[in-house]
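As stored in work-v4.txt (compact mmCIF, C-alpha atoms and all ligand atoms):
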# COMPACT_ATOMS: atom_id res chain seq x y z
CA MET A 1 11.91 -0.36 -23.15
CA THR A 2 13.10 -1.04 -19.60
CA VAL A 3 11.71 0.14 -16.28
CA ALA A 4 13.02 3.62 -15.49
CA ARG A 5 11.96 6.87 -13.89
CA ASN A 6 8.81 8.46 -15.35
CA ARG A 7 7.77 5.39 -17.31
CA VAL A 8 4.40 3.69 -16.79
CA VAL A 9 4.94 0.08 -15.73
CA SER A 10 2.17 -2.53 -15.71
CA ILE A 11 2.70 -5.51 -13.45
CA ASP A 12 0.99 -8.60 -12.20
CA TYR A 13 2.05 -9.23 -8.62
CA THR A 14 1.53 -11.39 -5.59
CA LEU A 15 2.55 -10.19 -2.15
CA THR A 16 3.14 -12.78 0.55
CA GLY A 17 4.43 -12.75 4.11
CA ASP A 18 7.22 -14.83 5.66
CA ASP A 19 4.76 -17.62 6.44
CA GLY A 20 3.33 -17.71 2.91
CA THR A 21 0.15 -15.79 3.72
CA VAL A 22 -1.03 -13.95 0.62
CA PHE A 23 -1.64 -10.30 1.59
CA ASP A 24 -2.43 -8.95 -1.83
CA SER A 25 -2.44 -10.06 -5.45
CA SER A 26 -3.46 -8.72 -8.83
CA LYS A 27 -4.50 -12.22 -9.91
CA GLY A 28 -8.08 -12.20 -11.06
CA GLN A 29 -8.01 -8.39 -11.28
CA ASP A 30 -6.57 -5.82 -13.63
CA PRO A 31 -2.77 -5.44 -13.54
CA LEU A 32 -1.31 -2.65 -11.44
CA ALA A 33 -0.09 0.30 -13.51
CA TYR A 34 2.09 2.93 -11.84
CA VAL A 35 4.54 5.69 -12.73
CA HIS A 36 8.03 4.45 -11.85
CA GLY A 37 10.31 6.61 -9.71
CA THR A 38 7.55 8.61 -8.07
CA GLY A 39 7.34 6.68 -4.82
CA SER A 40 3.89 5.32 -5.60
CA ILE A 41 4.98 1.77 -4.77
CA ILE A 42 7.16 0.78 -1.81
CA PRO A 43 10.86 1.68 -2.16
CA GLY A 44 12.18 -1.90 -2.01
CA LEU A 45 9.95 -3.04 -4.85
CA GLU A 46 10.63 0.03 -6.95
CA ALA A 47 14.38 -0.59 -6.65
CA ALA A 48 14.00 -4.26 -7.59
CA LEU A 49 12.08 -3.43 -10.78
CA GLU A 50 14.48 -0.71 -11.97
CA GLY A 51 16.05 -1.62 -15.33
CA LYS A 52 13.92 -4.73 -15.89
CA ALA A 53 12.22 -5.39 -19.23
CA PRO A 54 8.72 -6.60 -20.15
CA ALA A 55 8.25 -10.37 -19.67
CA ALA A 56 10.78 -10.36 -16.82
CA HIS A 57 9.78 -12.20 -13.67
CA VAL A 58 11.06 -10.53 -10.52
CA SER A 59 11.05 -12.26 -7.16
CA VAL A 60 12.19 -10.04 -4.31
CA THR A 61 12.21 -10.03 -0.52
CA VAL A 62 11.77 -6.58 0.99
CA THR A 63 12.69 -5.67 4.57
CA PRO A 64 10.21 -3.63 6.66
CA GLU A 65 12.49 -0.60 6.35
CA GLN A 66 12.09 -0.75 2.56
CA ALA A 67 8.39 -1.57 2.77
CA TYR A 68 5.86 -0.12 5.25
CA GLY A 69 8.33 0.70 8.01
CA MET A 70 8.80 -0.70 11.48
CA ARG A 71 5.90 -0.85 13.89
CA ASP A 72 5.59 2.22 16.12
CA ASP A 73 3.96 1.52 19.49
CA SER A 74 3.40 5.24 20.03
CA VAL A 75 0.57 5.18 17.47
CA VAL A 76 -1.46 2.61 19.40
CA PHE A 77 -4.17 4.57 21.21
CA THR A 78 -6.92 3.91 23.71
CA LEU A 79 -10.04 5.92 22.95
CA PRO A 80 -13.26 6.24 24.93
CA ARG A 81 -15.92 3.95 23.54
CA ALA A 82 -18.31 6.90 23.49
CA GLN A 83 -16.33 8.24 20.55
CA PHE A 84 -17.63 5.32 18.47
CA GLN A 85 -21.30 5.79 19.43
CA GLY A 86 -22.48 6.19 15.87
CA VAL A 87 -20.79 3.01 14.67
CA ALA A 88 -23.02 -0.02 14.31
CA ASP A 89 -21.45 -3.40 15.12
CA LEU A 90 -18.06 -2.07 16.17
CA ALA A 91 -15.61 -4.95 15.72
CA VAL A 92 -11.90 -5.74 15.83
CA GLY A 93 -10.40 -5.21 12.38
CA MET A 94 -12.59 -2.23 11.44
CA GLN A 95 -10.71 0.75 10.07
CA PHE A 96 -11.38 4.44 10.69
CA GLN A 97 -9.82 7.67 9.59
CA VAL A 98 -8.96 9.89 12.55
CA GLN A 99 -7.68 13.45 12.46
CA GLY A 100 -4.35 13.84 14.28
CA ASP A 101 -2.51 17.06 15.09
CA THR A 102 -0.96 17.34 11.64
CA GLU A 103 -2.53 14.73 9.38
CA ALA A 104 -5.32 12.23 9.03
CA ARG A 105 -4.37 8.67 9.83
CA VAL A 106 -6.10 5.37 9.19
CA VAL A 107 -6.38 3.31 12.36
CA THR A 108 -7.43 -0.30 12.85
CA VAL A 109 -9.47 -1.43 15.86
CA ILE A 110 -7.40 -4.06 17.70
CA GLY A 111 -9.33 -4.30 20.97
CA ILE A 112 -12.71 -3.40 22.47
CA ASP A 113 -13.99 -3.49 26.01
CA GLU A 114 -16.95 -1.89 27.77
CA ASP A 115 -15.49 1.60 28.06
CA GLU A 116 -12.57 1.71 25.72
CA VAL A 117 -11.50 0.98 22.19
CA ILE A 118 -7.86 0.30 21.34
CA VAL A 119 -6.82 1.40 17.87
CA ASP A 120 -3.55 0.89 16.02
CA GLY A 121 -2.30 3.58 13.63
CA ASN A 122 0.43 1.40 12.13
CA HIS A 123 0.05 0.26 8.54
CA PRO A 124 -1.29 -3.31 8.67
CA LEU A 125 1.92 -4.51 6.97
CA ALA A 126 4.30 -2.44 9.15
CA GLY A 127 7.14 -4.46 10.66
CA LEU A 128 6.75 -7.29 8.17
CA THR A 129 9.25 -8.67 5.68
CA LEU A 130 7.40 -8.93 2.37
CA HIS A 131 7.91 -11.18 -0.62
CA PHE A 132 6.86 -9.97 -4.05
CA ASP A 133 6.48 -12.10 -7.16
CA VAL A 134 6.12 -9.76 -10.09
CA ASP A 135 5.61 -10.24 -13.83
CA ILE A 136 6.37 -7.13 -15.83
CA LEU A 137 3.71 -6.83 -18.52
CA SER A 138 4.57 -3.58 -20.26
CA VAL A 139 6.65 -0.42 -19.99
CA ARG A 140 5.96 2.85 -21.79
CA GLU A 141 6.77 6.52 -21.43
CA ALA A 142 4.33 8.37 -19.17
CA THR A 143 2.22 11.11 -20.74
CA PRO A 144 2.63 14.71 -19.49
CA ASP A 145 -0.74 14.35 -17.72
CA GLU A 146 0.38 11.21 -15.95
CA LEU A 147 3.62 12.84 -14.81
CA GLU A 148 1.71 15.83 -13.50
CA HIS A 149 -0.70 13.60 -11.58
CA GLY A 150 1.92 11.09 -10.47
CA HIS A 151 -0.21 8.10 -11.50
CA ALA A 152 -1.00 6.04 -14.58
CA HIS A 153 -4.19 6.68 -16.52
CA GLU A 154 -5.06 3.08 -17.24
CA GLY A 155 -6.35 0.04 -15.45
CA PRO A 156 -7.79 0.36 -11.96
CA SER A 157 -5.91 3.58 -11.22
CA GLY A 158 -7.33 5.33 -14.27
CA HIS A 159 -9.93 7.98 -13.53
CA GLU A 160 -12.08 10.68 -15.07
CA HIS A 161 -10.72 14.20 -15.39
ZN ZN B 201 -4.85 11.60 -13.03

Show me this structure written as structure tokens.
Amino acid sequence: MTVARNRVVSIDYTLTGDDGTVFDSSKGQDPLAYVHGTGSIIPGLEAALEGKAPAAHVSVTVTPEQAYGMRDDSVVFTLPRAQFQGVADLAVGMQFQVQGDTEARVVTVIGIDEDEVIVDGNHPLAGLTLHFDVDILSVREATPDELEHGHAHEGPSGHEH
């Protein structure tokens, strides 16, 4: 069975940047299982896996447009430090969820001074070209429950209902 829409695909993967930095990997963890064609993985990787069979090794370079998008400087904000009063040991790299006008957004602290905190609402991998090395482990039809939920009920994404 090959990778196609509404099938559950299990993969081992390593994600690296242009300079070889490893951003993420399933090595040493459970494989990633996802429902193909539902947009639960980035578009460039989903397209590269389409039609592939178990045991296939897929090596693909994905542009920012097909990954986490380009960086958007309009989502870099300066907030008053007082807004972080309750946070112990505020440090660069910490992440917070903030409520915007329409949706909640995860921001990363990129700068701190006495009065102000600079936060960045871009995805940490925005603007980056990404390299994926993927081994396809298995492909099966999704169950009706999985299709309804839009995720696989196995491995780390499995959950109680
Ligand atoms: Zn579910």

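The space between CA of Thr129 in chain A and CA of Thr61 in chain A spans 7.0 Å.
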
Near Val92 in chain A, within 12 Å and counting only C-alpha atoms, which residues show up once chain neighbours fewer than 5 positions away are dropped, as an MDAnalysis selection string? chainID A and resid 107:113 117:120

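Each of A:Pro144, A:Gly20, A:Gly51, A:Gly93 was compared to ligand ZN 201 (chain B) using all atoms listed in the file, and A:Pro144 turns out to be the nearest.
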
Taking (2.9, -1.3, 19.1) in the file's coordinates as the center, which residues reach within 12 Å of it, counting all atoms listed in the file, put as a ChimeraX atom specification? /A:70-77,110,118-124,126-127

Quick one: residues within 7 Å of Pro31 in chain A, only C-alpha atoms counted, chain neighbours fewer than 4 positions away excluded, as a PyMOL selection string? chain A and resi 10-12+26+155

Record the distance separating CA of Val3 in chain A and CA of Val139 in chain A, expressed in Å with one decimal. 6.3 Å

Rank A:Leu147, A:Ala91, A:Val62, A:Leu137 by their smallest atom-to-atom distance to ligand ZN 201 (chain B), using all atoms listed in the file, and report the top residue only. A:Leu147

Polymer residues at most 7 Å from (-12.2, 3.3, 26.4) by all atoms listed in the file, as a ChimeraX atom specification: /A:78-81,115-117

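Using all atoms listed in the file, the shortest contact distance between Ser40 in chain A and any of A:Gly86, A:Arg5, A:Ser25, A:Thr63 is found at A:Arg5.
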
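With only C-alpha atoms and all ligand atoms as the atoms that count, the minimum distance from ligand ZN 201 (chain B) to the choices A:Met1, A:Thr102, A:Lys52, A:Val35 is reached by A:Val35.
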
With only C-alpha atoms and all ligand atoms as the atoms that count, which of A:Asp18, A:Tyr34, A:Ile136, A:Gln95 lies nearest to ligand ZN 201 (chain B)? A:Tyr34

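Ranking A:Gly17, A:Pro43, A:Pro54, A:Gly37 by their shortest atom-to-atom distance to Val134 in chain A, with only C-alpha atoms included, puts A:Pro54 first.
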
Name all residues at most 8 Å from Thr16 in chain A (count all atoms listed in the file; drop same-chain ones fewer than 5 positions away) and give them as JSON, numbers by chain. {"A": [21, 22, 23, 24, 130, 131, 132]}

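Atom pair CA of Tyr13 in chain A / CA of Val58 in chain A has a distance of 9.3 Å (rounded to one decimal).
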
Axis-aligned box over every listed atom of range 127-131 of chain A, padded by 5 Å per side: centre and edges in Å to one decimal, as JSON?
{"center_x": 8.0, "center_y": -7.8, "center_z": 5.0, "size_x": 12.5, "size_y": 16.7, "size_z": 21.3}
